[in-house]
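Engineer: Take this structure, written in structure tokens, and hold onto it; I'll ask about it next.
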Amino acid sequence: MDVIVIGGGIGGIATAYQLLAAGHRVCVIERHATVAQGATYGHGGPMLPSPLDVWFGPTFMGTRSANKTGIVFKPGFDTATRDFVKKLALLRDPDAFTAQYSRLKPLVELSRRVIGEIEAAFALDCEQRTGVLHVFRRAREFEQAAPAIELLKRFDVPHRVLTPAECAAAEPSVPEDPPFAGGVLLDAERTANCPLFTKLLKQILEERGVQFRLGREVTSISLEDSRAAVELMPLHGTHQAELIAADAIVVAAGIGTPGLIARVNGKLPLHPLRLHSLTAPIAYEEHAPHITIVDSIKRIAMTRVNQRLRVGGAAVLQSEAKTAKPLGTGLANRVLALLGQGTHDWVPGAAKVSAARAWEGLRLLSPDGLPVVGATGHARLFVNAAHGPAGWGLACGSAKVVADLVSGLTPDIPADTLAALRIDRF
Ligand SMILES: Cc1cc2nc3c(=O)[nH]c(=O)nc-3n(C[C@H](O)[C@H](O)[C@H](O)COP(=O)(O)OP(=O)(O)OC[C@H]3O[C@@H](n4cnc5c(N)ncnc54)[C@H](O)[C@@H]3O)c2cc1C
């Protein structure tokens, strides 16, 4: 089949890879001049979400104070934003959290397998590292993580619950003073450079005949029983819109996804989230971490990437209208201060934060914390989106699910996981 993939982030490129592997002819359309320029560019490092990493559950947004949660929540008078957060808060209940993560888990494992296969097939070097240490400042917060730790045990995820002294022994850059409650070391969890992986995979796809239409924006999708097509915005200086037809279309357009599929599936209850990263040069080698440190409550990840420290997190949750506008200077300074403070708290002296390069990107978050993956209301339209702040690896497993569905095969995940990812679940 001829398949069009809209979006050149990790979601689109991983989908193109799986479609090609399944024997389809693939064309990727990306509005930027190259791939990995959207949310994919700003990743914090961790590849796959353990129960401690997902952006829902007992440890997520327990209060409204940004200094405690790491998330700036500014709903203003917007009822939709408040309702969205209320729905997400239902998953703070330990049983609801356990059930929801259990639905996600098969996608995590499929993603792990798929990434491993790609790395092995092409010997990709994308700054991979192993070991993630989640740290907790207060005893109460550590206790709140009990359902997540229980899930680690239940799913046999290699991990060790550590005292502060054991955390410092595992990663000497973490100071024991000021005191903290402890940590959880995930020995086998990995981090890697998502934009680099995406670019390397794009080269491989190009060499194998995938067509790339870069610098082209899809303005609309048209769907018929027998054919599907996308319309591209006219090139600069021309008035001629271009139409490309195919047998199927996969939308992996990140924040652009809801607008493109609205005609088929109506308005989806997905909410945009602004996320930030800092990339700072290593200041003192002896203070730089060798494994990734995550402030587990604030969801701030600190990953060493060669001679740099990558710090990701500090989300801003506002109304859709406000998220569409640039962040004001006051709020921008506040989120950068959150990332700077996280670094100072957990790996002091590791990075020259004053010389850091800041970046921000928009992600779509769903009110039940899971991505939107699979078929849509039209048989020729598929979607791989809304991975929230955990799309680096998940987008790769989701790509396999989508490619199977496009090919008329049953994806290799349980039916309840597939149902929990469906677009019509809301
Ligand atoms: C600061 C930050 C830190 C993060 N940290 C992590 C992390 O540590 N671990 C993790 O797993 N995840 C992390 N994430 C999330 C992860 O980066 C994303 O989930 C993932 O990159 C999503 O990829 P995507 O392909 O769905 O979206 P994107 O990368 O946004 O790609 C979508 C692409 O579609 C294109 N597009 C949109 N509309 C159109 C159109 N109409 N026509 C043509 N092209 C279009 C866009 O230009 C874009 O390139 C982080 C995100 C941010 C912003």
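Ordering of the structure tokens sets the chain letters (A, B, ...); residue numbers start at 1 within each chain; ligands are numbered from 1 in the order shown.
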Which residues are close to segment 274-278 of chain A, i.e. within 7 Å by only C-alpha atoms, leaving aside same-chain residues fewer than 3 positions away? Reply as a PyMOL selection string.

Structural biologist: chain A and resi 42+44+310-317+356-363

Engineer: Neighbouring residues of Glu206 of chain A were defined as those with any atom within 12 Å, considering only C-alpha atoms; residues of the same chain fewer than 2 positions away were excluded. Please report them as a PyMOL selection string.

Structural biologist: chain A and resi 13+16-17+20+25-28+199-204+208-213

Engineer: I'd like to know which of A:Ser50, A:Gln18, A:Thr163, A:Ser366 is closest to Val114 of chain A, using only C-alpha atoms.

Structural biologist: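 Nearest to Val114 of chain A: A:Gln18.
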
Engineer: Measure the distance from atom CA of His344 of chain A to atom CA of Thr279 of chain A in Å and round it to one decimal.

Structural biologist: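 We find that atom CA of His344 of chain A and atom CA of Thr279 of chain A lie 14.2 Å from each other.
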
Engineer: Would you mind telling me which residue in A:Asn265, A:Asn333, A:Ser102, A:Thr219 lies nearest to Glu231 of chain A when using only C-alpha atoms?

Structural biologist: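 Smallest separation from Glu231 of chain A among the options: A:Thr219.
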
Engineer: Which residues are close to Arg380 of chain A, i.e. within 7 Å by only C-alpha atoms, leaving aside same-chain residues fewer than 4 positions away? Reply as JSON, numbers by chain.

Structural biologist: {"A": [228, 247, 248, 249]}

Engineer: Name the residues in contact with Phe73 of chain A at a cut-off of 10 Å, using only C-alpha atoms, excluding same-chain residues fewer than 5 positions from it; report them as a ChimeraX atom specification.

Structural biologist: /A:61,63-66,81-82,85,315-319

Engineer: Write out as number ranges by chain the residues lying within 12 Å of Thr59 of chain A, counting only C-alpha atoms and excluding same-chain residues fewer than 6 positions away.

Structural biologist: A: 51-53, 68-70, 88-89, 91-94, 97, 136, 138, 140-149, 295-299

Engineer: As an NGL selection string, list the residues of segment 40-75 of chain A assigned to alpha helix (DSSP H) by DSSP on the backbone atoms of this structure.

Structural biologist: :A and (66-69)

Engineer: Nearest to Leu90 of chain A: which of A:Ser222, A:Asn193, A:Pro164, A:Pro58 is it, counting only C-alpha atoms?

Structural biologist: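 Smallest distance to Leu90 of chain A is found for A:Pro58.
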
Engineer: What's the separation between atom CA of Leu205 of chain A and atom CA of Gly38 of chain A, in Å to one decimal place?

Structural biologist: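 Interatomic distance, atom CA of Leu205 of chain A to atom CA of Gly38 of chain A: 19.2 Å.
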
Engineer: Using DSSP on the backbone, list every residue of segment 209-380 of chain A that comes out as strand (DSSP E or B), and give them as an MDAnalysis selection string.

Structural biologist: chainID A and resid 211:214 218:223 228:232 242:246 248:251 271:282 292:295 300:305 308:318 351 357:365 372:375

Engineer: Between A:Gly266, A:Gly374, A:Gly8, A:Gly62, which has the minimum distance to Ala33 of chain A (counting only C-alpha atoms)?

Structural biologist: A:Gly8

Engineer: Choose the residue, out of A:Gly9, A:Gly23, A:Pro289, A:Gly391, that has the smallest atom-to-atom separation from Cys167 of chain A; count only C-alpha atoms.

Structural biologist: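 For Cys167 of chain A, the nearest of the given residues is A:Pro289.
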
Engineer: Between A:Ala351, A:Ala165, A:Val372, A:Ala379, single out the one closest to Val264 of chain A, counting only C-alpha atoms.

Structural biologist: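 Selected residue with least distance to Val264 of chain A: A:Ala379.
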